[in-house]
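*Asks:* Provided herewith: my_file-v3.txt, compact mmCIF, C-alpha atoms.
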```txt
# COMPACT_ATOMS: atom_id res chain seq x y z
CA MET A 139 69.71 148.76 113.36
CA ILE A 140 71.03 149.17 116.90
CA ARG A 141 74.67 148.34 117.52
CA GLU A 142 75.67 147.52 121.07
CA ARG A 143 79.31 147.25 122.09
CA ARG A 144 79.80 144.23 124.34
CA THR A 145 82.71 142.30 125.80
CA ASP A 146 82.96 138.92 127.46
CA ASN A 147 85.03 140.25 130.35
CA GLY A 148 82.63 138.57 132.75
CA VAL A 149 83.41 135.19 131.21
CA PRO A 150 86.33 133.26 132.70
CA GLY A 151 89.33 133.63 130.45
CA GLY A 152 87.48 136.00 128.16
CA ASN A 153 88.90 139.20 126.71
CA HIS A 154 87.01 139.48 123.44
CA GLU A 155 85.20 142.50 122.07
CA PHE A 156 82.43 142.38 119.51
CA THR A 157 79.35 144.28 118.44
CA LEU A 158 75.88 142.86 119.01
CA MET A 159 73.42 144.01 116.37
CA HIS A 160 69.77 144.23 117.36
CA ASN A 161 66.97 144.34 114.79
CA ILE A 162 69.01 142.42 112.25
CA ALA A 163 67.07 140.31 109.76
CA THR A 164 66.70 136.84 111.27
CA GLU A 165 66.30 134.31 108.46
CA VAL A 166 64.53 130.98 108.96
CA LEU A 167 65.51 128.20 106.58
CA PRO A 168 63.37 125.06 106.13
CA THR A 169 65.02 121.63 105.98
CA HIS A 170 62.18 119.27 105.06
CA THR A 171 63.50 118.18 101.63
CA PRO A 172 67.01 116.95 100.76
CA ALA A 173 67.69 120.05 98.64
CA LEU A 174 66.47 122.44 101.34
CA LEU A 175 68.46 120.58 103.97
CA ALA A 176 71.66 120.74 101.92
CA GLY A 177 71.24 124.46 101.32
CA ALA A 178 70.41 125.22 104.94
CA VAL A 179 73.37 123.21 106.23
CA ARG A 180 75.69 125.00 103.82
CA ARG A 181 74.47 128.41 105.00
CA ALA A 182 74.77 127.46 108.67
CA VAL A 183 78.30 126.11 108.23
CA GLU A 184 79.38 129.30 106.47
CA ARG A 185 78.11 131.34 109.41
CA LEU A 186 79.68 129.09 112.04
CA ARG A 187 83.07 128.97 110.30
CA ALA A 188 83.01 132.78 110.21
CA GLY A 189 82.56 132.95 113.98
CA ASP A 190 78.85 133.71 113.91
CA ILE A 191 76.02 132.05 115.84
CA VAL A 192 73.10 130.02 114.47
CA ALA A 193 69.99 128.47 116.06
CA LEU A 194 69.79 124.75 115.28
CA PRO A 195 67.33 121.97 116.14
CA THR A 196 68.21 119.05 118.36
CA GLU A 197 65.96 116.26 119.59
CA THR A 198 65.84 117.85 123.08
CA VAL A 199 65.41 121.61 122.44
CA TYR A 200 66.69 124.11 119.87
CA GLY A 201 70.25 125.26 120.56
CA LEU A 202 72.07 128.53 119.92
CA ALA A 203 75.26 127.22 118.36
CA ALA A 204 78.79 128.56 117.96
CA ASN A 205 82.18 127.01 117.20
CA ALA A 206 83.12 125.60 120.60
CA LEU A 207 86.84 126.12 119.85
CA ASP A 208 86.33 129.85 119.17
CA ALA A 209 86.15 131.69 122.50
CA GLY A 210 84.90 134.88 120.87
CA ALA A 211 82.06 133.09 119.09
CA VAL A 212 80.97 131.34 122.30
CA ALA A 213 81.13 134.66 124.16
CA ARG A 214 78.69 136.03 121.58
CA VAL A 215 76.24 133.26 122.54
CA PHE A 216 76.50 134.30 126.20
CA ALA A 217 75.95 137.95 125.29
CA VAL A 218 72.93 137.33 123.03
CA LYS A 219 71.27 135.13 125.65
CA GLY A 220 72.27 137.27 128.62
CA ARG A 221 73.65 134.04 130.08
CA PRO A 222 75.65 134.31 133.32
CA ALA A 223 79.33 133.54 132.88
CA HIS A 224 79.36 130.89 135.62
CA ASN A 225 76.88 128.68 133.73
CA PRO A 226 78.82 126.32 131.40
CA VAL A 227 77.63 125.14 127.99
CA ILE A 228 77.69 121.73 126.33
CA CYS A 229 79.87 120.75 123.36
CA HIS A 230 77.84 118.98 120.69
CA VAL A 231 79.61 116.47 118.46
CA ALA A 232 78.84 114.08 115.64
CA GLY A 233 80.57 110.83 116.55
CA THR A 234 82.90 109.59 119.25
CA ALA A 235 86.01 110.61 117.31
CA LEU A 236 85.07 114.27 117.68
CA ALA A 237 84.02 113.67 121.30
CA ARG A 238 87.51 112.35 122.07
CA ARG A 239 88.99 115.58 120.69
CA CYS A 240 87.02 117.53 123.30
CA ALA A 241 88.16 115.42 126.28
CA ALA A 242 91.55 115.02 127.91
CA GLU A 243 90.56 111.45 128.85
CA TRP A 244 88.17 108.94 127.29
CA PRO A 245 87.69 106.11 129.77
CA LEU A 246 86.07 102.75 129.09
CA LEU A 247 82.90 103.94 130.82
CA ALA A 248 82.59 106.80 128.31
CA GLU A 249 82.85 104.29 125.47
CA ARG A 250 80.19 102.06 127.03
CA LEU A 251 77.78 104.92 127.70
CA ALA A 252 78.28 106.35 124.22
CA ALA A 253 77.60 102.94 122.69
CA ALA A 254 74.42 102.59 124.73
CA PHE A 255 72.92 106.08 124.45
CA TRP A 256 74.52 108.07 121.62
CA PRO A 257 73.35 109.66 119.47
CA GLY A 258 70.76 110.76 121.99
CA PRO A 259 69.84 112.97 124.95
CA LEU A 260 72.78 112.12 127.24
CA THR A 261 75.59 114.56 128.09
CA LEU A 262 78.81 113.13 129.51
CA VAL A 263 81.03 115.34 131.69
CA LEU A 264 84.74 114.56 131.29
CA PRO A 265 88.08 116.31 131.88
CA ARG A 266 88.36 118.93 129.16
CA ALA A 267 90.88 118.97 126.34
CA VAL A 268 93.27 121.94 126.20
CA SER A 269 91.52 123.08 123.00
CA ILE A 270 88.26 123.82 124.85
CA PRO A 271 88.16 127.49 125.92
CA ASP A 272 87.39 128.61 129.47
CA VAL A 273 84.20 130.33 128.32
CA VAL A 274 82.68 126.93 127.46
CA THR A 275 83.39 125.39 130.86
CA ALA A 276 82.93 128.48 133.10
CA GLY A 277 86.62 128.13 133.93
CA GLY A 278 86.25 124.58 135.21
CA TYR A 279 88.43 121.62 134.30
CA THR A 280 85.57 119.51 132.92
CA VAL A 281 83.42 119.78 129.81
CA GLY A 282 79.98 118.40 128.93
CA ILE A 283 79.87 116.51 125.61
CA ARG A 284 76.82 115.23 123.71
CA TRP A 285 76.14 113.61 120.35
CA PRO A 286 72.61 114.77 119.45
CA ALA A 287 70.27 112.57 117.45
CA HIS A 288 68.68 115.24 115.25
CA PRO A 289 69.75 114.80 111.59
CA VAL A 290 69.98 118.57 110.93
CA MET A 291 72.30 119.15 113.88
CA GLN A 292 74.34 116.08 112.93
CA ALA A 293 74.75 117.29 109.35
CA VAL A 294 75.91 120.74 110.44
CA ILE A 295 78.47 119.40 112.92
CA ALA A 296 79.80 116.85 110.44
CA ALA A 297 80.25 119.55 107.80
CA CYS A 298 81.97 121.89 110.25
CA ASP A 299 84.24 119.19 111.71
CA PHE A 300 84.43 121.08 114.98
CA PRO A 301 82.25 120.81 118.11
CA LEU A 302 79.39 123.24 118.60
CA ALA A 303 78.73 124.94 121.93
CA ALA A 304 74.94 125.15 121.95
CA PRO A 305 72.88 126.10 125.00
CA SER A 306 69.15 126.47 124.45
CA ALA A 307 68.21 129.16 121.91
CA ASN A 308 66.35 131.47 124.28
CA LEU A 309 67.06 134.35 126.62
CA ALA A 310 68.74 133.17 129.82
CA GLY A 311 66.39 131.67 132.38
CA GLN A 312 63.34 131.73 130.12
CA LEU A 313 61.42 128.91 128.48
CA SER A 314 63.45 126.59 126.28
CA PRO A 315 62.38 126.48 122.62
CA THR A 316 61.17 123.26 121.00
CA THR A 317 60.24 124.82 117.63
CA ALA A 318 61.75 127.45 115.35
CA ALA A 319 58.79 129.71 116.17
CA HIS A 320 59.74 129.59 119.86
CA VAL A 321 63.27 130.70 118.94
CA LEU A 322 61.94 133.66 116.97
CA ARG A 323 59.67 134.69 119.82
CA GLN A 324 62.71 135.50 121.96
CA LEU A 325 65.65 135.99 119.58
CA ASN A 326 64.15 137.46 116.41
CA GLY A 327 66.32 140.41 115.40
CA ARG A 328 69.21 139.26 117.61
CA ILE A 329 70.59 136.33 115.58
CA PRO A 330 71.09 135.95 111.81
CA LEU A 331 69.84 132.43 111.12
CA VAL A 332 67.52 129.69 112.37
CA LEU A 333 67.31 126.24 110.79
CA ASP A 334 63.79 124.85 111.12
CA GLY A 335 63.98 121.13 111.81
CA GLY A 336 60.42 120.74 113.11
CA PRO A 337 59.32 120.17 116.71
CA ALA A 338 61.83 118.58 119.09
CA HIS A 339 60.75 115.01 119.76
CA VAL A 340 62.22 114.66 123.28
CA GLY A 341 61.22 118.11 124.46
CA VAL A 342 63.34 118.64 127.58
CA GLU A 343 67.07 119.10 127.98
CA SER A 344 69.51 116.18 128.10
CA THR A 345 70.42 114.01 131.05
CA VAL A 346 73.86 115.07 132.33
CA LEU A 347 76.17 112.47 133.87
CA ASP A 348 79.55 113.43 135.34
CA ILE A 349 81.98 110.57 134.73
CA SER A 350 85.03 112.58 135.78
CA VAL A 351 84.28 111.43 139.35
CA HIS A 352 83.70 108.06 141.01
CA PRO A 353 81.00 106.98 141.32
CA PRO A 354 79.54 108.80 138.30
CA CYS A 355 77.28 111.64 139.40
CA LEU A 356 73.91 112.47 137.88
CA LEU A 357 73.96 116.27 137.63
CA ARG A 358 70.73 116.87 135.69
CA PRO A 359 67.91 114.37 135.21
CA GLY A 360 66.56 113.89 131.72
CA MET A 361 64.55 111.42 129.69
CA ILE A 362 67.37 108.87 129.86
CA HIS A 363 66.51 107.69 133.34
CA GLU A 364 68.69 106.63 136.25
CA GLU A 365 67.69 103.00 135.91
CA ALA A 366 69.03 102.88 132.33
CA LEU A 367 72.26 104.60 133.39
CA LEU A 368 72.72 102.21 136.30
CA ALA A 369 72.51 99.26 133.93
CA VAL A 370 75.66 100.55 132.20
CA ALA A 371 77.50 102.47 134.92
CA GLY A 372 76.82 100.08 137.79
CA GLU A 373 76.49 102.82 140.42
CA LEU A 374 75.48 106.48 140.55
CA ALA A 375 75.63 109.44 142.88
CA ARG A 376 73.18 112.33 142.63
CA GLY A 377 73.47 116.09 142.90
CA PRO A 378 76.01 118.74 141.86
CA GLN A 379 79.41 118.93 143.49
CA ALA A 380 80.60 122.05 145.26
CA GLY A 381 82.63 124.63 143.35
CA VAL A 382 82.46 125.54 139.67
CA LEU A 383 79.30 124.34 137.93
CA ARG A 384 80.00 121.34 135.70
CA SER A 385 76.66 121.36 133.92
CA PRO A 386 74.00 123.75 132.68
CA GLY A 387 70.54 123.52 134.21
CA LEU A 388 71.70 123.69 137.84
CA LEU A 389 70.65 127.26 138.64
CA ARG A 390 67.82 127.50 141.16
CA LYS A 391 65.51 129.40 138.79
CA HIS A 392 65.49 128.33 135.16
CA TYR A 393 63.15 127.31 132.29
CA SER A 394 60.67 130.02 133.34
CA PRO A 395 57.72 131.58 131.49
CA ARG A 396 57.08 135.30 131.87
CA ALA A 397 54.04 134.68 134.08
CA PRO A 398 54.70 133.28 137.57
CA LEU A 399 54.38 129.50 137.55
CA VAL A 400 52.73 127.68 140.46
CA LEU A 401 52.91 123.91 141.02
CA LEU A 402 49.86 122.47 142.79
CA ARG A 403 48.20 119.13 143.51
CA TRP A 404 44.41 118.92 143.66
CA THR A 405 41.83 116.18 143.97
CA HIS A 406 38.90 117.96 142.29
CA ALA A 407 37.96 121.36 140.88
CA ALA A 408 36.68 122.74 144.19
CA ASP A 409 39.98 121.82 145.84
CA LEU A 410 41.88 123.68 143.11
CA HIS A 411 39.69 126.77 143.48
CA ALA A 412 40.20 126.76 147.25
CA GLN A 413 43.98 126.64 146.83
CA LEU A 414 43.89 129.45 144.27
CA ARG A 415 41.75 131.66 146.56
CA ALA A 416 44.23 131.10 149.38
CA ARG A 417 47.02 132.34 147.12
CA GLY A 418 45.07 135.28 145.73
CA VAL A 419 45.06 133.75 142.24
CA ILE A 420 42.14 134.80 140.02
CA PRO A 421 40.93 131.96 137.73
CA ALA A 422 39.92 134.28 134.87
CA ARG A 423 43.53 135.47 134.65
CA THR A 424 45.07 132.02 135.05
CA ALA A 425 46.29 129.36 132.63
CA VAL A 426 46.13 125.77 133.88
CA LEU A 427 48.13 122.78 132.62
CA THR A 428 46.65 119.52 133.84
CA ARG A 429 46.79 115.79 133.10
CA ALA A 430 43.08 115.18 133.78
CA GLU A 431 39.82 116.75 132.67
CA LEU A 432 39.10 119.88 134.69
CA PRO A 433 35.42 120.60 135.40
CA GLY A 434 34.61 124.27 135.05
CA ALA A 435 37.50 124.83 132.66
CA ALA A 436 35.66 127.79 131.10
CA GLU A 437 36.26 129.76 134.31
CA PHE A 438 39.99 129.93 133.51
CA GLN A 439 41.76 132.04 130.90
CA HIS A 440 43.29 128.91 129.33
CA VAL A 441 43.31 125.19 130.13
CA ALA A 442 45.59 122.64 128.44
CA LEU A 443 45.23 118.90 128.85
CA LEU A 444 48.68 117.28 128.75
CA PRO A 445 49.47 113.57 128.21
CA ARG A 446 49.44 111.19 131.16
CA GLU A 447 52.58 109.33 130.01
CA ALA A 448 55.93 110.92 130.93
CA ALA A 449 57.69 110.87 127.54
CA ALA A 450 54.66 112.30 125.71
CA TYR A 451 54.21 114.90 128.47
CA ALA A 452 57.85 115.98 128.11
CA ARG A 453 57.42 116.42 124.34
CA ALA A 454 54.40 118.67 124.90
CA LEU A 455 55.44 120.60 128.02
CA TYR A 456 57.45 123.55 126.71
CA ALA A 457 55.15 124.04 123.72
CA GLU A 458 52.14 124.22 126.04
CA LEU A 459 53.95 126.63 128.38
CA HIS A 460 54.88 128.85 125.42
CA HIS A 461 51.26 128.80 124.23
CA ALA A 462 49.86 129.59 127.68
CA ASP A 463 52.40 132.35 128.30
CA ALA A 464 51.65 134.01 124.94
CA GLY A 465 48.13 134.76 126.19
CA GLY A 466 49.50 137.05 128.89
CA PRO A 467 48.08 135.31 131.97
CA HIS A 468 48.80 136.64 135.44
CA TRP A 469 49.60 133.11 136.62
CA ILE A 470 50.30 129.67 135.13
CA VAL A 471 49.21 126.79 137.35
CA VAL A 472 50.66 123.37 136.56
CA GLU A 473 49.47 120.14 138.11
CA SER A 474 52.41 118.61 140.01
CA PRO A 475 53.82 115.53 138.24
CA PRO A 476 53.68 112.09 139.85
CA ASP A 477 56.48 111.26 142.28
CA GLU A 478 57.87 108.49 140.06
CA PRO A 479 61.30 107.90 138.45
CA ALA A 480 60.01 108.47 134.89
CA TRP A 481 58.88 111.98 135.86
CA ARG A 482 62.05 113.23 137.61
CA ALA A 483 63.29 115.35 134.70
CA ILE A 484 59.87 116.97 134.29
CA THR A 485 59.62 117.66 138.02
CA ASP A 486 63.12 119.18 137.94
CA ARG A 487 62.24 121.58 135.12
CA LEU A 488 58.92 122.62 136.64
CA THR A 489 60.41 123.10 140.11
CA ARG A 490 63.08 125.43 138.71
CA ALA A 491 60.49 127.26 136.60
CA ALA A 492 58.40 127.84 139.73
CA ALA A 493 61.32 128.98 141.94
```
Using the file provided, produce a representation of the structure as structure tokens.

*Replies:*
Amino acid sequence: MIRERRTDNGVPGGNHEFTLMHNIATEVLPTHTPALLAGAVRRAVERLRAGDIVALPTETVYGLAANALDAGAVARVFAVKGRPAHNPVICHVAGTALARRCAAEWPLLAERLAAAFWPGPLTLVLPRAVSIPDVVTAGGYTVGIRWPAHPVMQAVIAACDFPLAAPSANLAGQLSPTTAAHVLRQLNGRIPLVLDGGPAHVGVESTVLDISVHPPCLLRPGMIHEEALLAVAGELARGPQAGVLRSPGLLRKHYSPRAPLVLLRWTHAADLHAQLRARGVIPARTAVLTRAELPGAAEFQHVALLPREAAAYARALYAELHHADAGGPHWIVVESPPDEPAWRAITDRLTRAAA
């Protein structure tokens, strides 16, 4: 066992010391029967109440969770992930009553959006309550709040009765995990416990809407699309504001496999080969993710055929990137998504992965 002395001095408002233990025994608990679920939830709650961190499933991706009201516990999440201190994390709740405890204000628009989209993959950014530590918000005055739809995550939060700060359960900047196996690939030996709730059924991170400003501002696209938000909010702005980040997922490079990722459009196999030659990319050392049959697929190290519909594509994307990356390719080439509203979240993730 390797013990590493760490502090959260780089985190706004942080002055906590703790010891990270590498090569600890990471336990994975199944949840697929009522008895297994009850036991796994009990174990996770014990860890979280003690200030520890636990990987938990949500419908978007797996999260690395800590008591959001415990600055030291949240700092441990940052340290394990290697997450930069200026990148805030989201508070996960189970119900609007707990959400209200995280926010200094709860306007009518928050109530309407929660009624329309919660539990689900929508994060609302609101003025933070005084109980929310600086480490959660990167020192900003707002906090992101989400009520996830996954029953395992809901059960853990309800039993804790405090919000959980839970960024994706991976090393900072790398591929988000959508299965417990993905979590282990990056964090095995660094965290004590993973609850296995099966594959995430949304597959990409939540939509983030800042309602602390007028008009509300879409900070991160997700699978709850702008058109649905407009139907409730009436008007939207797009893009992050200047100053302290109010949402995760806004860094230029994010969601990245180990191999360099290249986004390309091609009309036929010869066109793809010509583009690869121009870039010095060798097909035999390349994984390709495409939405259409690729003639000559045997020339590549790996080819994956992804769904043509946006929601199904999103569910499959990270799993296919994990699978391709595990083969050790020199490059991963992904067919550029359609320029359509339903694909904006996918385009956002792939663009940041390719940066």

*Asks:* Name the closest residue to A:Gly177 among the candidates A:Val351, A:Leu444, A:Glu243, A:Leu333; distances are taken between atoms, counting all atoms listed in the file.

*Replies:* A:Leu333

*Asks:* Tell me, as a list in words, which residues lie within 10 Å of A:Gly336, counting all atoms listed in the file; anything in the same chain fewer than 2 positions away does not count.

*Replies:*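 My reading of the contact set: Pro168, Thr169, His170, Pro195, Thr196, Glu197, Tyr200, Thr316, Thr317, Ala318, Ala319, Leu333, Asp334, Ala338 and His339 of chain A.
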
*Asks:* Using only C-alpha atoms, determine which residues lie at most 6 Å from stretch 400-405 of chain A, disregarding the query and same-chain residues fewer than 4 positions distant; provide the list as a list in words.

*Replies:*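 What passes the distance filter is Asp409, Leu410, Val471, Val472, Glu473, Ser474 and Ala492 of chain A.
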
*Asks:* Which residue out of A:Asn308, A:Ala450, A:Leu357, A:Leu322 has the minimum interatomic distance to A:Leu389 when all atoms listed in the file are used?

*Replies:*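 Going through A:Asn308, A:Ala450, A:Leu357, A:Leu322 one by one, the smallest distance to A:Leu389 is for A:Leu357.
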
*Asks:* What does the structure give for the distance between atom CA of A:Leu443 and atom CA of A:Thr485, in Å to one decimal?

*Replies:*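 Spanning atom CA of A:Leu443 to atom CA of A:Thr485 is a straight-line distance of 17.1 Å.
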
*Asks:* Around (59.8, 124.1, 126.6), as given in the file, which residues come within 6 Å? Count all atoms listed in the file and list them as a VMD selection string.

*Replies:* chain A and resid 313 to 316 455 to 457

*Asks:* So that I have them on file, write out the residues from the current selection with C-alpha atoms, as a JSON list (two decimals), in the coordinates of the input.

*Replies:*
```json
[["chain", "number", "residue", "atom", "x", "y", "z"],
["A", 313, "LEU", "CA", 61.42, 128.91, 128.48],
["A", 314, "SER", "CA", 63.45, 126.59, 126.28],
["A", 315, "PRO", "CA", 62.38, 126.48, 122.62],
["A", 316, "THR", "CA", 61.17, 123.26, 121.00],
["A", 455, "LEU", "CA", 55.44, 120.60, 128.02],
["A", 456, "TYR", "CA", 57.45, 123.55, 126.71],
["A", 457, "ALA", "CA", 55.15, 124.04, 123.72]]
```

*Asks:* Step by step: start from the point (74.0, 129.5, 133.2) in the file's coordinates, keep every protein, DNA or RNA residue that has an atom no farther than 10 Å from it, count only C-alpha atoms, and write the set as a PyMOL selection string.

*Replies:* chain A and resi 216+219-227+276+305+310-311+383+385-389+392

*Asks:* Pick the closest to A:Pro395 from A:His320, A:Arg358, A:Arg423, A:Arg417: which is it, counting all atoms listed in the file?

*Replies:* A:His320

*Asks:* So, with all atoms listed in the file as the atoms that count, which of A:His230, A:Leu167, A:Tyr393, A:Ala407 lies closest to A:Cys298?

*Replies:*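 Checking each candidate against A:Cys298, we get A:His230 as the closest.
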
*Asks:* Quick one, how far is atom CA of A:Val263 from atom CA of A:Ala293?

*Replies:*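 Computing it gives 23.3 Å between the two atoms.
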
*Asks:* Counting all atoms listed in the file, what is within 12 Å of A:Leu368, bar same-chain residues fewer than 3 positions away, as a ChimeraX atom specification?

*Replies:* /A:247,250-251,254,347,353-356,362-365,371-376

*Asks:* Please report the interatomic distance between atom CA of A:Ile295 and atom CA of A:Ala366 in Å with one decimal.

*Replies:*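 Those two atoms sit 27.2 Å apart.
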